[in-house]
Amino acid sequence: MRTYERYWWWVKEKKQMALVLFMIVTLMLQLQMKGCVGCLETERMGLLQLKSYLKNGFEVEEEGMMKSWSHDDPSSDCCHWKRVKCSDATGGHVVHLSLNGLIPVNYEFKDQSLNLSLLHSFPQLQSLDFAFSHFSDLFDPINGHKSFQKLEKLRTLDFYYNRLNNSVFTFLSEARSLRTLNVSHNLLDGVFPPNVSIMTKLKTLDLSYNELSDASQIKGKSSSRNDTCGVAVLKDMPMLQELDLSDNRFTDLDRLGVLLPSSLHVLNLAKNQLSSIPKGYLEICALMNLRELNLRSNALTNLPYCLGNLSSIRTLDLSENQMNGDLSSFVSDLPSTLEYLSLFDNDFNGSFWFSSLANHTRLTVFKLSSNLGMIQAQAESSWLPPFQLKILKLKNFNLGSTIPSFLAHQHDLRFIHISYSQLKGPFPGWLVQNNTRLEAIRLNNNFLGVFNISYNDLSGEIPFKAHLMTFDEKSYRGNPHLCGRPTNKSCNLERASVSNRAKEEEEGDGVIDMVWFYWTCGAVYISTWLALFAFLCIDSRWSSEWFYHVDLVVHHLQRFKDGCN
């Protein structure tokens, strides 16, 4: 055999060997990756220590707490344990711990502390949930109140429904990386904790259902606006977007408004003790990014006119207050961007023109009622609304015996509730005919005498009680999915039929999705292999470099083998 022929034969043989070696190495790497991206032993032991601490501290039996966290099997992958999530992107580190609701409902309350040093075994932890855990305080015997500084990746922390007091912020304020913090339903009281301002990266803060208050509620404190305490610290949190202070004891909205960050999108002050707004109050109107404002269940009697300048607001809930005055004027001055407006259970009276909503072209939910007698609706037979409502709720509303005419132009209603409104005559069947996606309609405590909803493809159980008992089967015919005594069709059979259909559809969808998933994965896998094989078979500079390095590795391995022999 000539020299150059032997050379090309050698090259060809080396190429074949290189391709085989490439396949073997790739397969080994794939198998190795599946084994490597799993539970780290240090974190596995850390989880077992955490389990032991919680079990002993709360005196909970083994079977009742984290049963899958087992000491018995050393090869058990903790990433597959319940309440634990790992991430391949972090090399298999634990990134999420959901330890909420571990304590039995009948657990006898007693002080229980959380040892934060047990969390330091998880340096990549991003989310931690300790809701419903009955902790009364936090401690760290090694790092003290700076314990959370060890968890540099922590983004979400949930202590919902514990027994923590204000001292918890000594620790929480060191969690500088947090984006979301929930300390609702705890034992916080007094003025707003000032060290919260250190947490400048917070986007969502929930302190609802506590006993926080402003300075005017604290004995020995002045109630003047010049007091630099309480919610003043929130002004230093430029990234804060959602703030929930509902169900606390705040009384002075003026002091709150001037101290809130302009970055807020959602502000919830429901169920406090807020009363009237001082004359000249303008600060809340500076929240130009505000989208949701919830002031439900307070004692407010008015709002500033400048509220109409909030160009981003979508939701405004003023229900269960003492709002009064000219209702139509009040509504027309509200921001035109509103999609949700609730004035339910207030003290409005007098007349109301539905056309005062003419500027609210995006409105989908409207709720209105009075605690002081009837609101008198004005007749507006020619008015055409610029919006399409989904929910309409009216109570104590004198509609003049007929449904408001503007509803004839609504075609997307899902829920209608018109009660105590002196409606008379036949049931307005066109309401159902015009709104094919209607889910519920309530016209209780009126004086309707004729009821017919036949041929509307309605579904569900007919409430056979009170005045509905006077209507026969003819009022419901043409609705094959209605059930109940008037139709002589059992609702149990109907529910079983609907459940079976839903289950079959779900299973069918699941099979189709999995088939496509397997075909797609197979196609991608085969295509990748073919592309790599074709690339290496081409006699290019890159393939030559590849074969050269493979040959070099084989040569060194051969020399190493010869040296060992």
# chains A, B, ... in the order shown; residues from 1 in each chain; ligands from 1
call {"tool": "residues_around", "arguments": {"residues": "stretch 130-138 of chain A", "least_positions_apart": "4", "cutoff": "8 Å", "atoms": "only C-alpha atoms", "output": "NGL selection string"}}
result
:A and (98-103 or 109 or 111-116 or 157-165 or 167-168 or 171)
call {"tool": "residues_around", "arguments": {"residues": "A:Thr487", "least_positions_apart": "4", "cutoff": "8 Å", "atoms": "only C-alpha atoms", "output": "JSON, numbers by chain"}}
result
{"A": [473, 476, 477, 482, 483]}
call {"tool": "write_last_selection", "arguments": {"atoms": "C-alpha atoms", "output": "short mmCIF file (atom, residue, chain, number, x, y, z; two decimals), in the first residue's frame"}}
result
data_model
loop_
_atom_site.label_atom_id
_atom_site.label_comp_id
_atom_site.auth_asym_id
_atom_site.auth_seq_id
_atom_site.Cartn_x
_atom_site.Cartn_y
_atom_site.Cartn_z
CA GLU A 473 -92.06 24.13 33.72
CA TYR A 476 -87.82 27.13 31.93
CA ARG A 477 -88.24 25.03 28.78
CA LEU A 482 -81.26 23.47 33.88
CA CYS A 483 -82.25 21.09 36.68
#
call {"tool": "residues_around", "arguments": {"residues": "A:Gln126", "least_positions_apart": "4", "cutoff": "9 Å", "atoms": "only C-alpha atoms", "output": "PyMOL selection string"}}
result
chain A and resi 94-97+151-157+178
call {"tool": "write_last_selection", "arguments": {"atoms": "N, CA and C atoms", "output": "compact mmCIF listing (two decimals), in the first residue's frame"}}
result
# COMPACT_ATOMS: atom_id res chain seq x y z
N VAL A 94 -31.26 24.32 46.26
CA VAL A 94 -32.62 24.58 46.69
C VAL A 94 -32.93 26.06 46.50
N VAL A 95 -34.02 26.37 45.79
CA VAL A 95 -34.38 27.76 45.54
C VAL A 95 -35.74 28.12 46.15
N HIS A 96 -36.52 27.12 46.53
CA HIS A 96 -37.85 27.41 47.08
C HIS A 96 -38.19 26.42 48.19
N LEU A 97 -38.61 26.95 49.33
CA LEU A 97 -39.08 26.14 50.45
C LEU A 97 -40.48 26.60 50.83
N LEU A 151 -28.60 35.27 53.05
CA LEU A 151 -29.47 34.81 51.97
C LEU A 151 -29.57 35.91 50.92
N GLU A 152 -28.52 36.06 50.14
CA GLU A 152 -28.42 37.17 49.20
C GLU A 152 -29.35 37.03 48.00
N LYS A 153 -29.86 35.83 47.74
CA LYS A 153 -30.72 35.60 46.59
C LYS A 153 -32.21 35.63 46.94
N LEU A 154 -32.53 35.80 48.22
CA LEU A 154 -33.92 35.72 48.66
C LEU A 154 -34.74 36.87 48.08
N ARG A 155 -35.83 36.51 47.38
CA ARG A 155 -36.69 37.50 46.73
C ARG A 155 -38.08 37.57 47.36
N THR A 156 -38.59 36.44 47.84
CA THR A 156 -39.96 36.39 48.37
C THR A 156 -39.95 35.75 49.76
N LEU A 157 -40.58 36.43 50.72
CA LEU A 157 -40.64 35.95 52.10
C LEU A 157 -42.07 36.10 52.61
N LEU A 178 -34.90 41.43 49.13
CA LEU A 178 -36.32 41.07 49.02
C LEU A 178 -37.06 41.96 48.02
call {"tool": "residues_around", "arguments": {"residues": "stretch 261-271 of chain A", "least_positions_apart": "4", "cutoff": "6 Å", "atoms": "only C-alpha atoms", "output": "list in words"}}
result
Lys235, Leu240, Gln241, Glu242, Leu243, Asp244, Leu245, Ser246, Asp247, Leu287, Asn289, Leu290, Arg291, Glu292, Leu293, Asn294, Leu295, Arg296, Ser297 and Asn298 of chain A
call {"tool": "closest_residue", "arguments": {"among": "A:Leu47, A:Ala377, A:Val365, A:Leu40", "to": "A:Ser75", "atoms": "only C-alpha atoms"}}
result
A:Leu40
call {"tool": "select_by_dssp", "arguments": {"residues": "stretch 249-372 of chain A", "states": "helix (DSSP H, G or I)", "output": "MDAnalysis selection string"}}
result
chainID A and resid 253:257 283:286 305:309 327:332 354:357
call {"tool": "write_last_selection", "arguments": {"atoms": "N, CA and C atoms", "output": "PDB file, in the first residue's frame"}}
result
ATOM      1  N   LEU A 253     -55.813  59.967  56.981  1.00  0.00           N
ATOM      2  CA  LEU A 253     -55.421  59.759  55.590  1.00  0.00           C
ATOM      3  C   LEU A 253     -54.489  60.862  55.111  1.00  0.00           C
ATOM      4  N   ASP A 254     -54.620  62.052  55.676  1.00  0.00           N
ATOM      5  CA  ASP A 254     -53.744  63.159  55.292  1.00  0.00           C
ATOM      6  C   ASP A 254     -52.291  62.827  55.588  1.00  0.00           C
ATOM      7  N   ARG A 255     -52.031  62.258  56.747  1.00  0.00           N
ATOM      8  CA  ARG A 255     -50.656  61.906  57.115  1.00  0.00           C
ATOM      9  C   ARG A 255     -50.132  60.766  56.249  1.00  0.00           C
ATOM     10  N   LEU A 256     -50.996  59.851  55.871  1.00  0.00           N
ATOM     11  CA  LEU A 256     -50.570  58.740  55.024  1.00  0.00           C
ATOM     12  C   LEU A 256     -50.231  59.213  53.619  1.00  0.00           C
ATOM     13  N   GLY A 257     -51.110  60.031  53.034  1.00  0.00           N
ATOM     14  CA  GLY A 257     -50.943  60.406  51.635  1.00  0.00           C
ATOM     15  C   GLY A 257     -49.664  61.147  51.338  1.00  0.00           C
ATOM     16  N   GLU A 283     -52.302  65.472  48.501  1.00  0.00           N
ATOM     17  CA  GLU A 283     -51.140  64.595  48.382  1.00  0.00           C
ATOM     18  C   GLU A 283     -51.435  63.281  47.670  1.00  0.00           C
ATOM     19  N   ILE A 284     -52.591  62.691  47.932  1.00  0.00           N
ATOM     20  CA  ILE A 284     -52.897  61.410  47.307  1.00  0.00           C
ATOM     21  C   ILE A 284     -53.014  61.551  45.795  1.00  0.00           C
ATOM     22  N   CYS A 285     -53.307  62.754  45.346  1.00  0.00           N
ATOM     23  CA  CYS A 285     -53.442  62.995  43.912  1.00  0.00           C
ATOM     24  C   CYS A 285     -52.093  63.073  43.209  1.00  0.00           C
ATOM     25  N   ALA A 286     -51.007  63.021  43.971  1.00  0.00           N
ATOM     26  CA  ALA A 286     -49.674  63.004  43.362  1.00  0.00           C
ATOM     27  C   ALA A 286     -49.244  61.596  42.975  1.00  0.00           C
ATOM     28  N   TYR A 305     -61.405  66.627  44.977  1.00  0.00           N
ATOM     29  CA  TYR A 305     -61.770  66.723  43.562  1.00  0.00           C
ATOM     30  C   TYR A 305     -60.598  66.381  42.650  1.00  0.00           C
ATOM     31  N   CYS A 306     -59.386  66.600  43.146  1.00  0.00           N
ATOM     32  CA  CYS A 306     -58.217  66.345  42.309  1.00  0.00           C
ATOM     33  C   CYS A 306     -58.033  64.868  41.999  1.00  0.00           C
ATOM     34  N   LEU A 307     -58.838  64.010  42.625  1.00  0.00           N
ATOM     35  CA  LEU A 307     -58.745  62.582  42.340  1.00  0.00           C
ATOM     36  C   LEU A 307     -58.999  62.299  40.860  1.00  0.00           C
ATOM     37  N   GLY A 308     -59.734  63.181  40.217  1.00  0.00           N
ATOM     38  CA  GLY A 308     -60.011  63.024  38.793  1.00  0.00           C
ATOM     39  C   GLY A 308     -58.785  63.151  37.920  1.00  0.00           C
ATOM     40  N   ASN A 309     -57.669  63.618  38.483  1.00  0.00           N
ATOM     41  CA  ASN A 309     -56.434  63.777  37.706  1.00  0.00           C
ATOM     42  C   ASN A 309     -55.583  62.511  37.666  1.00  0.00           C
ATOM     43  N   LEU A 327     -74.552  62.990  44.060  1.00  0.00           N
ATOM     44  CA  LEU A 327     -74.024  61.731  43.543  1.00  0.00           C
ATOM     45  C   LEU A 327     -73.609  61.833  42.083  1.00  0.00           C
ATOM     46  N   SER A 328     -74.451  62.402  41.241  1.00  0.00           N
ATOM     47  CA  SER A 328     -74.140  62.488  39.809  1.00  0.00           C
ATOM     48  C   SER A 328     -72.899  63.326  39.558  1.00  0.00           C
ATOM     49  N   SER A 329     -72.783  64.436  40.273  1.00  0.00           N
ATOM     50  CA  SER A 329     -71.606  65.289  40.124  1.00  0.00           C
ATOM     51  C   SER A 329     -70.352  64.570  40.602  1.00  0.00           C
ATOM     52  N   PHE A 330     -70.484  63.846  41.714  1.00  0.00           N
ATOM     53  CA  PHE A 330     -69.342  63.109  42.256  1.00  0.00           C
ATOM     54  C   PHE A 330     -68.841  62.075  41.250  1.00  0.00           C
ATOM     55  N   VAL A 331     -69.758  61.318  40.647  1.00  0.00           N
ATOM     56  CA  VAL A 331     -69.382  60.263  39.703  1.00  0.00           C
ATOM     57  C   VAL A 331     -68.763  60.846  38.438  1.00  0.00           C
ATOM     58  N   SER A 332     -69.326  61.910  37.927  1.00  0.00           N
ATOM     59  CA  SER A 332     -68.821  62.486  36.676  1.00  0.00           C
ATOM     60  C   SER A 332     -67.429  63.085  36.835  1.00  0.00           C
ATOM     61  N   PHE A 354     -77.755  58.084  35.137  1.00  0.00           N
ATOM     62  CA  PHE A 354     -76.779  57.106  34.640  1.00  0.00           C
ATOM     63  C   PHE A 354     -75.855  57.721  33.594  1.00  0.00           C
ATOM     64  N   SER A 355     -76.303  58.783  32.954  1.00  0.00           N
ATOM     65  CA  SER A 355     -75.468  59.449  31.949  1.00  0.00           C
ATOM     66  C   SER A 355     -74.260  60.139  32.572  1.00  0.00           C
ATOM     67  N   SER A 356     -74.227  60.261  33.913  1.00  0.00           N
ATOM     68  CA  SER A 356     -73.034  60.822  34.562  1.00  0.00           C
ATOM     69  C   SER A 356     -71.839  59.884  34.409  1.00  0.00           C
ATOM     70  N   LEU A 357     -72.095  58.651  33.939  1.00  0.00           N
ATOM     71  CA  LEU A 357     -71.024  57.695  33.658  1.00  0.00           C
ATOM     72  C   LEU A 357     -70.536  57.790  32.213  1.00  0.00           C
TER      73      LEU A 357
END
call {"tool": "residues_around", "arguments": {"residues": "A:Gln376", "least_positions_apart": "6", "cutoff": "6 Å", "atoms": "only C-alpha atoms", "output": "JSON list (two decimals) with C-alpha atoms, in the first residue's frame"}}
result
[["chain", "number", "residue", "atom", "x", "y", "z"],
["A", 350, "GLY", "CA", -81.40, 62.21, 45.97],
["A", 351, "SER", "CA", -81.32, 61.74, 42.20],
["A", 398, "ASN", "CA", -85.95, 53.55, 42.80]]
call {"tool": "residues_around", "arguments": {"residues": "A:Leu274", "least_positions_apart": "4", "cutoff": "8 Å", "atoms": "only C-alpha atoms", "output": "list in words"}}
result
Phe250, Thr251, Asp252, Leu253, Asn298, Ala299 and Leu300 of chain A
call {"tool": "closest_residue", "arguments": {"among": "A:Met45, A:Asn166, A:Pro141, A:Ile375", "to": "A:Leu394", "atoms": "only C-alpha atoms"}}
result
A:Ile375
